[in-house]
$ cat final.txt   # compact mmCIF, C-alpha atoms and all ligand atoms
# COMPACT_ATOMS: atom_id res chain seq x y z
CA MET A 1 190.74 -129.38 -12.66
CA ALA A 2 187.58 -127.61 -13.85
CA ILE A 3 185.02 -127.03 -11.08
CA LEU A 4 182.05 -127.78 -13.33
CA PRO A 5 181.61 -130.03 -16.35
CA HIS A 6 181.14 -128.04 -19.55
CA SER A 7 177.42 -128.89 -19.73
CA LEU A 8 176.78 -127.19 -16.36
CA LEU A 9 178.75 -123.98 -16.99
CA PRO A 10 176.62 -120.81 -16.64
CA GLY A 11 174.78 -119.80 -19.81
CA PRO A 12 175.08 -116.32 -21.38
CA GLU A 13 172.25 -114.80 -19.29
CA ALA A 14 173.72 -116.06 -16.00
CA GLN A 15 177.14 -114.81 -17.10
CA VAL A 16 175.80 -111.30 -17.73
CA HIS A 17 174.25 -111.33 -14.26
CA SER A 18 177.50 -112.56 -12.71
CA ASP A 19 179.50 -109.87 -14.55
CA ARG A 20 177.22 -107.16 -13.14
CA LEU A 21 177.86 -108.40 -9.60
CA ARG A 22 181.57 -108.67 -10.38
CA ALA A 23 181.57 -104.96 -11.31
CA VAL A 24 179.88 -104.09 -7.99
CA ILE A 25 182.47 -106.06 -6.01
CA ASP A 26 185.36 -104.62 -8.07
CA GLN A 27 184.07 -101.15 -7.21
CA ALA A 28 183.84 -102.04 -3.50
CA ILE A 29 187.42 -103.32 -3.53
CA ARG A 30 188.70 -100.17 -5.28
CA ALA A 31 186.70 -97.90 -2.95
CA ALA A 32 188.27 -99.66 0.06
CA GLY A 33 191.80 -99.03 -1.26
CA GLY A 34 192.38 -102.35 -3.04
CA TRP A 35 191.37 -104.93 -0.41
CA ILE A 36 188.17 -105.98 1.36
CA ASP A 37 187.87 -108.44 4.19
CA PHE A 38 186.28 -111.79 3.42
CA ALA A 39 183.08 -111.02 5.32
CA GLY A 40 182.61 -107.94 3.12
CA PHE A 41 183.24 -109.99 0.00
CA MET A 42 180.87 -112.79 1.08
CA SER A 43 178.22 -110.31 2.05
CA LEU A 44 178.22 -108.78 -1.44
CA ALA A 45 178.54 -112.14 -3.23
CA LEU A 46 175.48 -113.49 -1.41
CA TYR A 47 173.38 -110.44 -0.56
CA ALA A 48 174.21 -107.45 -2.84
CA PRO A 49 170.75 -106.01 -3.59
CA GLY A 50 169.29 -107.54 -6.74
CA LEU A 51 172.53 -109.30 -7.66
CA GLY A 52 173.85 -111.45 -4.79
CA TYR A 53 173.34 -115.20 -4.84
CA TYR A 54 170.51 -115.12 -2.29
CA SER A 55 169.08 -111.73 -3.31
CA ALA A 56 168.66 -112.50 -7.01
CA GLY A 57 166.40 -114.80 -8.98
CA ALA A 58 168.19 -118.08 -9.70
CA VAL A 59 166.77 -121.35 -8.32
CA LYS A 60 168.96 -122.13 -5.33
CA LEU A 61 167.42 -124.93 -3.32
CA GLY A 62 166.25 -128.33 -4.49
CA ALA A 63 167.09 -130.70 -7.32
CA ALA A 64 167.05 -127.93 -9.95
CA GLY A 65 169.22 -125.64 -7.83
CA ASP A 66 172.60 -125.88 -6.12
CA PHE A 67 171.96 -127.72 -2.85
CA VAL A 68 169.23 -129.48 -0.88
CA THR A 69 168.32 -128.85 2.77
CA ALA A 70 166.59 -131.16 5.25
CA PRO A 71 163.07 -129.66 4.89
CA GLU A 72 163.39 -129.92 1.10
CA MET A 73 164.22 -133.63 1.41
CA THR A 74 161.17 -134.77 3.34
CA PRO A 75 158.15 -133.32 5.19
CA LEU A 76 159.06 -135.71 8.03
CA PHE A 77 161.74 -133.22 9.11
CA ALA A 78 159.10 -130.52 9.70
CA ARG A 79 156.69 -133.02 11.25
CA THR A 80 159.36 -134.06 13.74
CA LEU A 81 160.21 -130.47 14.61
CA ALA A 82 156.47 -129.85 15.06
CA ARG A 83 156.43 -131.92 18.24
CA PRO A 84 158.72 -129.75 20.42
CA VAL A 85 157.41 -126.58 18.73
CA ALA A 86 153.83 -127.59 19.61
CA ASP A 87 154.86 -128.34 23.21
CA THR A 88 156.49 -124.90 23.45
CA LEU A 89 153.42 -123.11 22.04
CA ALA A 90 151.02 -125.10 24.22
CA ALA A 91 152.99 -124.29 27.38
CA LEU A 92 152.75 -120.57 26.56
CA HIS A 93 149.14 -120.55 25.35
CA ALA A 94 148.13 -117.70 27.68
CA ALA A 95 150.67 -115.39 26.03
CA GLN A 96 149.47 -116.01 22.41
CA PRO A 97 152.81 -117.43 21.33
CA GLU A 98 154.08 -117.20 17.77
CA VAL A 99 156.49 -118.98 15.50
CA LEU A 100 159.29 -116.91 13.99
CA GLU A 101 161.25 -118.55 11.20
CA LEU A 102 164.50 -117.02 10.05
CA GLY A 103 165.63 -117.48 6.46
CA ALA A 104 162.76 -119.65 5.27
CA GLY A 105 164.26 -120.66 1.90
CA THR A 106 161.51 -121.85 -0.43
CA GLY A 107 158.94 -121.85 2.40
CA ARG A 108 158.89 -125.66 2.53
CA LEU A 109 159.58 -125.89 6.26
CA ALA A 110 156.99 -123.22 7.06
CA CYS A 111 154.37 -125.00 4.97
CA ASP A 112 154.96 -128.48 6.40
CA LEU A 113 155.43 -127.23 9.97
CA LEU A 114 152.16 -125.30 9.85
CA LEU A 115 150.31 -128.34 8.48
CA ALA A 116 151.77 -130.53 11.22
CA LEU A 117 150.89 -127.96 13.91
CA ALA A 118 147.35 -127.73 12.52
CA GLU A 119 147.05 -131.52 12.82
CA ARG A 120 148.05 -131.18 16.47
CA ASP A 121 145.56 -128.34 16.85
CA VAL A 122 148.19 -125.83 17.91
CA VAL A 123 148.25 -123.38 15.01
CA PRO A 124 150.18 -120.35 16.27
CA GLU A 125 148.53 -116.95 16.42
CA ARG A 126 151.14 -115.78 13.90
CA TYR A 127 153.85 -117.52 11.88
CA ARG A 128 156.31 -114.78 11.11
CA ILE A 129 159.08 -115.12 8.55
CA LEU A 130 162.14 -112.89 8.62
CA GLU A 131 163.80 -113.26 5.24
CA VAL A 132 166.50 -111.03 3.78
CA SER A 133 166.15 -112.29 0.20
CA PRO A 134 163.33 -110.71 -1.87
CA ASP A 135 163.59 -113.58 -4.36
CA LEU A 136 163.16 -116.25 -1.67
CA ARG A 137 160.34 -114.31 -0.08
CA ALA A 138 158.49 -114.40 -3.42
CA ARG A 139 159.09 -118.17 -3.61
CA GLN A 140 157.83 -118.56 -0.02
CA GLU A 141 154.61 -116.73 -0.91
CA VAL A 142 153.97 -119.20 -3.76
CA THR A 143 154.68 -122.26 -1.59
CA LEU A 144 152.51 -121.03 1.28
CA ALA A 145 149.61 -120.16 -1.03
CA SER A 146 148.86 -123.90 -1.10
CA LEU A 147 147.94 -123.92 2.61
CA PRO A 148 144.29 -123.97 3.70
CA GLU A 149 143.13 -120.37 4.18
CA ARG A 150 142.65 -120.65 7.97
CA VAL A 151 146.31 -121.61 8.33
CA ARG A 152 147.77 -119.42 5.58
CA LYS A 153 146.30 -116.27 7.06
CA ARG A 154 148.51 -116.71 10.12
CA VAL A 155 151.67 -116.20 8.01
CA GLN A 156 153.28 -112.77 7.98
CA TRP A 157 156.60 -111.55 6.67
CA CYS A 158 158.50 -109.06 8.76
CA GLU A 159 161.30 -106.75 7.73
CA HIS A 160 162.94 -106.36 11.13
CA TRP A 161 163.51 -108.27 14.31
CA PRO A 162 160.51 -108.07 16.62
CA GLU A 163 161.45 -106.08 19.70
CA SER A 164 159.94 -108.76 21.85
CA PHE A 165 158.97 -112.29 20.95
CA CYS A 166 157.29 -115.13 22.78
CA GLY A 167 157.11 -118.60 21.25
CA ALA A 168 159.25 -120.79 18.96
CA LEU A 169 162.06 -119.46 16.81
CA VAL A 170 163.32 -121.75 14.07
CA ALA A 171 166.40 -121.31 11.88
CA ASN A 172 167.48 -124.17 9.63
CA GLU A 173 170.76 -123.64 7.78
CA VAL A 174 170.74 -119.89 8.33
CA LEU A 175 173.86 -119.42 10.46
CA ASP A 176 176.03 -121.13 7.82
CA ALA A 177 174.84 -118.61 5.23
CA LEU A 178 176.04 -115.58 7.20
CA PRO A 179 179.28 -113.85 6.21
CA VAL A 180 182.44 -115.02 7.98
CA HIS A 181 185.88 -113.46 8.34
CA ARG A 182 188.88 -115.51 7.22
CA VAL A 183 192.01 -115.51 9.31
CA GLY A 184 195.35 -117.29 8.94
CA TRP A 185 198.01 -118.39 11.42
CA ARG A 186 201.51 -117.89 10.05
CA GLY A 187 203.55 -119.14 13.02
CA ALA A 188 206.43 -116.74 13.78
CA GLN A 189 204.74 -114.08 11.58
CA GLY A 190 201.60 -114.30 13.72
CA TRP A 191 198.01 -113.81 12.52
CA VAL A 192 196.81 -112.40 9.20
CA GLU A 193 193.36 -111.55 7.93
CA ILE A 194 192.55 -112.99 4.51
CA GLY A 195 190.44 -110.90 2.17
CA ALA A 196 190.01 -110.27 -1.54
CA ALA A 197 192.11 -107.98 -3.75
CA LEU A 198 192.23 -107.22 -7.46
CA GLU A 199 195.22 -108.29 -9.54
CA GLY A 200 195.24 -107.95 -13.31
CA GLY A 201 191.44 -107.63 -13.29
CA ARG A 202 191.02 -110.88 -11.29
CA TRP A 203 190.22 -111.46 -7.64
CA ILE A 204 192.89 -113.08 -5.55
CA PRO A 205 192.96 -114.01 -1.86
CA ALA A 206 195.19 -111.42 -0.16
CA GLU A 207 196.50 -111.17 3.40
CA ARG A 208 196.78 -108.19 5.73
CA PRO A 209 198.07 -107.97 9.30
CA LEU A 210 195.13 -108.77 11.54
CA ASP A 211 194.01 -105.69 13.46
CA ASN A 212 190.20 -105.99 13.63
CA PRO A 213 189.54 -105.72 17.40
CA ARG A 214 186.50 -108.02 17.27
CA LEU A 215 188.56 -110.72 15.56
CA LEU A 216 191.44 -110.22 17.98
CA GLU A 217 189.00 -110.99 20.82
CA ARG A 218 187.86 -114.21 19.16
CA LEU A 219 191.15 -115.73 17.98
CA PRO A 220 191.41 -119.46 18.69
CA ASP A 221 194.50 -120.95 20.36
CA PRO A 222 196.93 -121.97 17.58
CA ALA A 223 198.92 -124.37 19.79
CA GLY A 224 199.73 -127.50 17.80
CA TRP A 225 198.60 -126.09 14.45
CA PRO A 226 200.69 -126.64 11.33
CA VAL A 227 201.77 -123.49 9.44
CA PRO A 228 200.13 -122.13 7.37
CA TYR A 229 196.66 -122.65 8.90
CA ASP A 230 193.56 -120.85 7.58
CA THR A 231 190.17 -120.76 9.24
CA GLU A 232 187.01 -118.69 9.74
CA ILE A 233 185.47 -116.62 12.51
CA GLY A 234 181.72 -116.06 12.32
CA LEU A 235 181.01 -112.70 13.91
CA ALA A 236 177.66 -112.36 12.12
CA ALA A 237 176.37 -115.70 13.46
CA ALA A 238 177.25 -114.65 17.02
CA ASP A 239 175.60 -111.25 16.47
CA LEU A 240 172.41 -112.85 15.16
CA VAL A 241 172.10 -115.16 18.15
CA ALA A 242 172.75 -112.23 20.50
CA THR A 243 169.83 -110.44 18.81
CA VAL A 244 167.63 -113.45 19.56
CA GLY A 245 168.59 -113.09 23.22
CA GLN A 246 167.37 -109.51 23.22
CA SER A 247 163.97 -110.43 21.73
CA LEU A 248 163.05 -113.86 23.10
CA ARG A 249 161.00 -113.28 26.26
CA ALA A 250 159.65 -116.83 26.63
CA GLY A 251 159.85 -120.02 24.60
CA ARG A 252 162.67 -121.67 22.70
CA ALA A 253 164.91 -121.18 19.68
CA TRP A 254 166.15 -124.00 17.46
CA PHE A 255 169.27 -123.48 15.38
CA ILE A 256 169.92 -126.42 13.07
CA ASP A 257 173.07 -126.41 11.00
CA TYR A 258 176.31 -128.12 10.11
CA GLY A 259 179.17 -127.36 12.42
CA PHE A 260 181.21 -128.33 15.44
CA PRO A 261 182.18 -127.20 18.91
CA ALA A 262 185.29 -124.95 18.89
CA ARG A 263 187.72 -127.72 19.76
CA GLU A 264 186.75 -129.61 16.59
CA TYR A 265 186.28 -126.51 14.44
CA TYR A 266 189.80 -125.32 15.19
CA HIS A 267 191.32 -128.80 15.14
CA PRO A 268 194.99 -128.93 14.00
CA GLN A 269 194.01 -131.12 11.06
CA ARG A 270 191.42 -128.67 9.70
CA VAL A 271 194.18 -126.62 8.03
CA GLY A 272 192.07 -124.99 5.33
CA GLY A 273 189.05 -124.08 7.44
CA THR A 274 185.46 -124.98 6.56
CA LEU A 275 184.58 -122.63 3.73
CA MET A 276 182.66 -124.37 0.95
CA CYS A 277 180.84 -123.34 -2.23
CA HIS A 278 177.94 -125.08 -3.95
CA ILE A 279 176.96 -124.76 -7.56
CA ARG A 280 174.70 -127.19 -9.44
CA HIS A 281 175.24 -129.83 -6.73
CA HIS A 282 179.03 -129.57 -7.03
CA ALA A 283 180.96 -128.62 -3.88
CA HIS A 284 184.34 -126.87 -4.13
CA PRO A 285 186.40 -124.50 -1.94
CA ASP A 286 186.94 -121.44 -4.23
CA PRO A 287 184.69 -118.51 -3.22
CA LEU A 288 186.22 -116.14 -5.77
CA VAL A 289 184.60 -117.73 -8.83
CA PHE A 290 181.03 -117.68 -10.22
CA PRO A 291 180.00 -114.55 -8.25
CA GLY A 292 176.25 -114.48 -7.67
CA LEU A 293 175.84 -117.96 -9.12
CA GLN A 294 177.16 -120.08 -6.27
CA ASP A 295 176.43 -120.46 -2.60
CA ILE A 296 179.27 -119.70 -0.19
CA THR A 297 179.02 -121.18 3.27
CA ALA A 298 181.06 -121.92 6.37
CA HIS A 299 180.42 -124.42 9.13
CA VAL A 300 179.11 -123.05 12.42
CA ASP A 301 181.31 -122.76 15.51
CA PHE A 302 178.59 -123.78 17.99
CA THR A 303 180.74 -122.93 21.00
CA ALA A 304 181.00 -119.31 19.84
CA VAL A 305 177.28 -119.23 19.09
CA ALA A 306 176.44 -120.64 22.54
CA ARG A 307 178.75 -118.10 24.22
CA ALA A 308 177.11 -115.25 22.31
CA ALA A 309 173.72 -116.62 23.36
CA ALA A 310 174.81 -116.74 26.99
CA GLY A 311 176.10 -113.17 26.70
CA ALA A 312 172.56 -112.17 25.67
CA GLY A 313 170.87 -113.99 28.57
CA LEU A 314 170.03 -117.28 26.84
CA GLU A 315 170.62 -120.74 28.22
CA VAL A 316 171.51 -123.85 26.20
CA GLU A 317 168.68 -126.29 26.77
CA ALA A 318 170.12 -128.92 24.43
CA TYR A 319 172.94 -129.43 21.98
CA ALA A 320 172.85 -132.67 20.03
CA SER A 321 173.73 -134.26 16.73
CA MET A 322 170.86 -134.06 14.27
CA ALA A 323 170.53 -137.86 14.30
CA SER A 324 170.11 -138.14 18.06
CA TRP A 325 167.78 -135.13 18.20
CA LEU A 326 165.54 -136.35 15.34
CA ILE A 327 165.34 -139.83 16.86
CA ALA A 328 164.50 -138.41 20.30
CA GLU A 329 161.77 -136.21 18.79
CA GLY A 330 160.22 -139.16 16.95
CA ILE A 331 161.25 -139.17 13.28
CA VAL A 332 161.25 -142.97 13.16
CA GLU A 333 157.66 -143.04 14.46
CA GLU A 334 156.74 -140.39 11.86
CA LEU A 335 158.17 -142.64 9.14
CA GLY A 336 156.29 -145.59 10.65
CA ARG A 337 152.99 -143.74 10.11
CA LEU A 338 153.43 -143.93 6.33
CA PRO A 339 151.99 -147.12 4.83
CA PRO A 340 154.95 -149.15 3.44
CA GLU A 341 152.70 -150.55 0.69
CA ASP A 342 152.47 -146.99 -0.69
CA ALA A 343 155.97 -147.37 -2.15
CA GLY A 344 155.75 -144.05 -4.02
CA ARG A 345 155.62 -142.17 -0.71
CA TYR A 346 157.34 -144.57 1.64
CA LEU A 347 160.56 -145.27 -0.25
CA PRO A 348 161.62 -141.61 -0.84
CA ALA A 349 160.72 -140.81 2.80
CA ALA A 350 162.77 -143.77 4.10
CA ALA A 351 165.72 -142.74 1.90
CA ALA A 352 165.53 -139.15 3.19
CA VAL A 353 165.33 -140.30 6.81
CA HIS A 354 168.37 -142.49 6.22
CA LYS A 355 170.27 -139.48 4.86
CA LEU A 356 169.23 -137.31 7.81
CA LEU A 357 170.29 -139.92 10.36
CA SER A 358 173.31 -141.59 8.79
CA PRO A 359 176.61 -140.63 10.45
CA ALA A 360 178.18 -140.75 6.98
CA GLU A 361 175.70 -138.15 5.67
CA MET A 362 173.92 -135.48 7.76
CA GLY A 363 173.35 -137.26 11.08
CA GLU A 364 176.57 -136.30 12.87
CA LEU A 365 177.78 -133.27 10.94
CA PHE A 366 174.52 -131.39 11.53
CA LYS A 367 173.74 -130.24 15.06
CA VAL A 368 170.70 -128.87 16.82
CA LEU A 369 171.17 -126.11 19.37
CA VAL A 370 168.10 -125.37 21.49
CA LEU A 371 168.16 -122.09 23.43
CA ARG A 372 165.76 -120.62 25.97
CA PRO A 373 165.73 -117.51 28.13
CA GLY A 374 167.95 -117.95 31.16
CA THR A 375 170.30 -115.86 33.21
CA GLY A 376 173.23 -116.20 30.80
CA ARG A 377 175.30 -117.51 33.72
CA GLU A 378 174.43 -121.19 33.28
CA PRO A 379 177.53 -123.24 32.36
CA LEU A 380 177.76 -124.45 28.76
CA PRO A 381 177.26 -128.19 28.28
CA ALA A 382 180.60 -130.07 28.34
CA SER A 383 180.06 -131.01 24.68
CA LEU A 384 180.32 -127.30 23.80
CA ALA A 385 183.29 -126.40 25.96
CA GLY A 386 185.98 -124.78 23.82
C1 LIG B 401 170.85 -122.03 3.14
S1 LIG B 401 169.36 -121.14 3.04
C2 LIG B 401 168.32 -122.14 4.07
C3 LIG B 401 166.87 -121.99 3.73
C4 LIG B 401 165.86 -122.80 4.56
N1 LIG B 401 165.90 -122.46 5.96
C5 LIG B 401 166.05 -124.27 4.37
O1 LIG B 401 166.46 -124.95 5.29
O2 LIG B 401 165.76 -124.76 3.27
C6 LIG B 401 169.68 -119.71 4.04
C7 LIG B 401 168.50 -118.79 4.22
O3 LIG B 401 168.81 -117.77 5.19
C8 LIG B 401 168.43 -116.50 4.68
N2 LIG B 401 169.18 -115.48 5.43
C9 LIG B 401 170.46 -115.13 5.31
N3 LIG B 401 170.81 -114.17 6.21
C10 LIG B 401 169.70 -113.94 6.95
C11 LIG B 401 169.40 -113.07 8.05
N4 LIG B 401 170.32 -112.25 8.56
N5 LIG B 401 168.15 -113.09 8.55
C12 LIG B 401 167.22 -113.91 8.04
N6 LIG B 401 167.44 -114.74 6.99
C13 LIG B 401 168.66 -114.76 6.46
C14 LIG B 401 168.69 -116.66 3.19
O4 LIG B 401 168.10 -115.66 2.40
C15 LIG B 401 168.09 -118.05 2.97
O5 LIG B 401 166.68 -118.01 2.94
$ encode --input "final.txt" --output "structure tokens"
Amino acid sequence: MAILPHSLLPGPEAQVHSDRLRAVIDQAIRAAGGWIDFAGFMSLALYAPGLGYYSAGAVKLGAAGDFVTAPEMTPLFARTLARPVADTLAALHAAQPEVLELGAGTGRLACDLLLALAERDVVPERYRILEVSPDLRARQEVTLASLPERVRKRVQWCEHWPESFCGALVANEVLDALPVHRVGWRGAQGWVEIGAALEGGRWIPAERPLDNPRLLERLPDPAGWPVPYDTEIGLAAADLVATVGQSLRAGRAWFIDYGFPAREYYHPQRVGGTLMCHIRHHAHPDPLVFPGLQDITAHVDFTAVARAAAGAGLEVEAYASMASWLIAEGIVEELGRLPPEDAGRYLPAAAAVHKLLSPAEMGELFKVLVLRPGTGREPLPASLAG
């Protein structure tokens, strides 16, 4: 079955762009001897300079793009996050705490969070954004230009991780956008690594014996799995969280994303893994099509992320479903502040809150992991045990 209806297929300009990226990836596959691992493929498909899905100029987020994230759905998401962020900044006021947002998308969360912090009179000394996509950074600059000058001037973009950071770190749907490796369990034949190869000018998924030492260290227990069983291992997500551990001196980090603890991630029934692609609001599982024009994402293994955090001296302060976390932080009260008679504002906000909280939509699939500096020896919460 076709992935997209004819009316949504890429136009000639998008096709030219996609073909240029295809040539870059073809070259990378040839240079590597005919096969690249999936993380290498995903990294080029999403982040090849000037051509990758995130690096280049197409609209990605929102109704006109390929997918919608929580801060794009309603400002109430940012307003709810503002409460614990404000508490964190206020508790550290002597140290001039900052906010650091990773992967800020269109800048919507930054804009609404700053406005909500200003209302609470806790505007941070600096709101830093670490963004790898030049296109999204340009979009963020436009969004944030609408802020009052006294707030806008606190925003700074940084190219690298700060060596040391004190305050609130926020990352919404960033970990799922990081490259993952794909591995497969073949029963008596053992483990394979799944990558991309060229055949007759087309990309095909191709398997190699698994010998990457970092993957060998992270292999899940295949007991009870059907054969074949394919899944993902997110080394880059673990590395990113370990970097946070090296920088965060005081404060908290919030990672909000879709995913599971390891025991659900590597469940015997999840035979095809969690890899998913999004194009024009259509979801499908084939990452080898529409290069540069579609998002490729994998769910987050929160147990692995929490272990990497612990390895870098961070402690899990909380791990919760998005629904329970948003309710505990007051999203229902935030909705209650909107006048219901203003149907133009109230009804879309109520619909968005329903989507964020509903177990059938984002409420249970999305999780919130809150980290803070610790000793790294604190036990993981039982809900994250592997
Ligand atoms: C799915 S989008 C989410 C955007 C936004 N946070 C939101 O919720 O709407 C992923 C974002 O992460 C950024 N990103 C990917 N890898 C990153 C990294 N290593 N460091 C910082 N940002 C990154 C992407 O460029 C993009 O802005």
$ residues_near_ligand --input "final.txt" --ligand "ligand LIG 401 (chain B)" --cutoff "6 Å" --atoms "only C-alpha atoms and all ligand atoms" --output "CSV table (one decimal) with C-alpha atoms, in the frame of the given file"
chain,number,residue,atom,x,y,z
A,54,TYR,CA,170.5,-115.1,-2.3
A,69,THR,CA,168.3,-128.8,2.8
A,71,PRO,CA,163.1,-129.7,4.9
A,102,LEU,CA,164.5,-117.0,10.0
A,103,GLY,CA,165.6,-117.5,6.5
A,104,ALA,CA,162.8,-119.6,5.3
A,105,GLY,CA,164.3,-120.7,1.9
A,130,LEU,CA,162.1,-112.9,8.6
A,131,GLU,CA,163.8,-113.3,5.2
A,132,VAL,CA,166.5,-111.0,3.8
A,133,SER,CA,166.2,-112.3,0.2
A,172,ASN,CA,167.5,-124.2,9.6
A,173,GLU,CA,170.8,-123.6,7.8
A,174,VAL,CA,170.7,-119.9,8.3
A,177,ALA,CA,174.8,-118.6,5.2
A,178,LEU,CA,176.0,-115.6,7.2
$ closest_atom_pairs --input "final.txt" --of "region 117-194 of chain A" --to "region 80-85 of chain A" --cutoff "12 Å" --atoms "all atoms listed in the file" --output "CSV"
residue,atom,partner,partner_atom,distance
A:Leu117,CA,A:Ala82,CA,6.0
A:Ala118,CA,A:Ala82,CA,9.7
A:Glu119,CA,A:Ala82,CA,9.8
A:Arg120,CA,A:Arg83,CA,8.6
A:Asp121,CA,A:Ala82,CA,11.2
A:Val122,CA,A:Val85,CA,9.3
A:Val123,CA,A:Val85,CA,10.4
A:Pro124,CA,A:Val85,CA,9.9
A:Tyr127,CA,A:Val85,CA,11.9
A:Gly167,CA,A:Val85,CA,8.4
A:Ala168,CA,A:Val85,CA,6.1
A:Leu169,CA,A:Val85,CA,8.7
A:Val170,CA,A:Val85,CA,8.9
A:Ala171,CA,A:Leu81,CA,11.4
A:Asn172,CA,A:Leu81,CA,10.8
$ closest_residue --input "final.txt" --among "A:Ile279, A:Ile331, A:Ala312, A:Ala2" --to "Ala63 (chain A)" --atoms "only C-alpha atoms"
A:Ile279
$ residues_around --input "final.txt" --residues "region 287-300 of chain A" --least-positions-apart "6" --cutoff "6 Å" --atoms "only C-alpha atoms" --output "MDAnalysis selection string"
chainID A and resid 18 45 52:53 176:177 258:259 274:279
$ write_last_selection --input "final.txt" --atoms "C-alpha atoms" --output "mmCIF file, keeping the file's coordinate frame"
data_model
loop_
_atom_site.group_PDB
_atom_site.id
_atom_site.type_symbol
_atom_site.label_atom_id
_atom_site.label_comp_id
_atom_site.auth_asym_id
_atom_site.auth_seq_id
_atom_site.Cartn_x
_atom_site.Cartn_y
_atom_site.Cartn_z
ATOM 1 C CA SER A 18 177.500 -112.560 -12.710
ATOM 2 C CA ALA A 45 178.540 -112.140 -3.230
ATOM 3 C CA GLY A 52 173.850 -111.450 -4.790
ATOM 4 C CA TYR A 53 173.340 -115.200 -4.840
ATOM 5 C CA ASP A 176 176.030 -121.130 7.820
ATOM 6 C CA ALA A 177 174.840 -118.610 5.230
ATOM 7 C CA TYR A 258 176.310 -128.120 10.110
ATOM 8 C CA GLY A 259 179.170 -127.360 12.420
ATOM 9 C CA THR A 274 185.460 -124.980 6.560
ATOM 10 C CA LEU A 275 184.580 -122.630 3.730
ATOM 11 C CA MET A 276 182.660 -124.370 0.950
ATOM 12 C CA CYS A 277 180.840 -123.340 -2.230
ATOM 13 C CA HIS A 278 177.940 -125.080 -3.950
ATOM 14 C CA ILE A 279 176.960 -124.760 -7.560
#
$ closest_residue --input "final.txt" --among "A:Glu364, A:Glu378, A:Asp112, A:Asp87" --to "Ile256 (chain A)" --atoms "only C-alpha atoms"
A:Glu364
$ residues_around --input "final.txt" --residues "region 355-357 of chain A" --least-positions-apart "6" --cutoff "8 Å" --atoms "all atoms listed in the file" --output "PyMOL selection string"
chain A and resi 70+322-324+326+363-364
$ atom_distance --input "final.txt" --atom1 "CA of His17 (chain A)" --atom2 "CA of Val59 (chain A)"
13.8 Å
$ atom_distance --input "final.txt" --atom1 "CA of Ser358 (chain A)" --atom2 "CA of Glu317 (chain A)"
24.1 Å
$ atom_distance --input "final.txt" --atom1 "CA of Arg128 (chain A)" --atom2 "CA of Thr74 (chain A)"
22.0 Å
$ residues_around --input "final.txt" --residues "Val316 (chain A)" --least-positions-apart "6" --cutoff "10 Å" --atoms "only C-alpha atoms" --output "CSV table (one decimal) with C-alpha atoms, in the frame of the given file"
chain,number,residue,atom,x,y,z
A,252,ARG,CA,162.7,-121.7,22.7
A,253,ALA,CA,164.9,-121.2,19.7
A,306,ALA,CA,176.4,-120.6,22.5
A,307,ARG,CA,178.8,-118.1,24.2
A,309,ALA,CA,173.7,-116.6,23.4
A,310,ALA,CA,174.8,-116.7,27.0
A,369,LEU,CA,171.2,-126.1,19.4
A,370,VAL,CA,168.1,-125.4,21.5
A,371,LEU,CA,168.2,-122.1,23.4
A,372,ARG,CA,165.8,-120.6,26.0
A,373,PRO,CA,165.7,-117.5,28.1
A,374,GLY,CA,168.0,-118.0,31.2
A,376,GLY,CA,173.2,-116.2,30.8
A,378,GLU,CA,174.4,-121.2,33.3
A,379,PRO,CA,177.5,-123.2,32.4
A,380,LEU,CA,177.8,-124.4,28.8
A,381,PRO,CA,177.3,-128.2,28.3
A,384,LEU,CA,180.3,-127.3,23.8
$ closest_residue --input "final.txt" --among "A:Gly251, A:Gly195, A:Pro261, A:Gly187" --to "Trp225 (chain A)" --atoms "all atoms listed in the file"
A:Gly187
$ residues_around --input "final.txt" --residues "Val192 (chain A)" --least-positions-apart "3" --cutoff "12 Å" --atoms "only C-alpha atoms" --output "list in words"
Asp37, His181, Arg182, Val183, Gly184, Trp185, Arg186, Gly187, Ala188, Gln189, Gly195, Pro205, Ala206, Glu207, Arg208, Pro209, Leu210, Asp211, Asn212, Leu215, Leu216, Leu219, Pro228, Tyr229, Asp230, Thr231 and Glu232 of chain A
$ write_last_selection --input "final.txt" --atoms "C-alpha atoms" --output "mmCIF file, in the coordinates of the input"
data_model
loop_
_atom_site.group_PDB
_atom_site.id
_atom_site.type_symbol
_atom_site.label_atom_id
_atom_site.label_comp_id
_atom_site.auth_asym_id
_atom_site.auth_seq_id
_atom_site.Cartn_x
_atom_site.Cartn_y
_atom_site.Cartn_z
ATOM 1 C CA ASP A 37 187.870 -108.440 4.190
ATOM 2 C CA HIS A 181 185.880 -113.460 8.340
ATOM 3 C CA ARG A 182 188.880 -115.510 7.220
ATOM 4 C CA VAL A 183 192.010 -115.510 9.310
ATOM 5 C CA GLY A 184 195.350 -117.290 8.940
ATOM 6 C CA TRP A 185 198.010 -118.390 11.420
ATOM 7 C CA ARG A 186 201.510 -117.890 10.050
ATOM 8 C CA GLY A 187 203.550 -119.140 13.020
ATOM 9 C CA ALA A 188 206.430 -116.740 13.780
ATOM 10 C CA GLN A 189 204.740 -114.080 11.580
ATOM 11 C CA GLY A 195 190.440 -110.900 2.170
ATOM 12 C CA PRO A 205 192.960 -114.010 -1.860
ATOM 13 C CA ALA A 206 195.190 -111.420 -0.160
ATOM 14 C CA GLU A 207 196.500 -111.170 3.400
ATOM 15 C CA ARG A 208 196.780 -108.190 5.730
ATOM 16 C CA PRO A 209 198.070 -107.970 9.300
ATOM 17 C CA LEU A 210 195.130 -108.770 11.540
ATOM 18 C CA ASP A 211 194.010 -105.690 13.460
ATOM 19 C CA ASN A 212 190.200 -105.990 13.630
ATOM 20 C CA LEU A 215 188.560 -110.720 15.560
ATOM 21 C CA LEU A 216 191.440 -110.220 17.980
ATOM 22 C CA LEU A 219 191.150 -115.730 17.980
ATOM 23 C CA PRO A 228 200.130 -122.130 7.370
ATOM 24 C CA TYR A 229 196.660 -122.650 8.900
ATOM 25 C CA ASP A 230 193.560 -120.850 7.580
ATOM 26 C CA THR A 231 190.170 -120.760 9.240
ATOM 27 C CA GLU A 232 187.010 -118.690 9.740
#
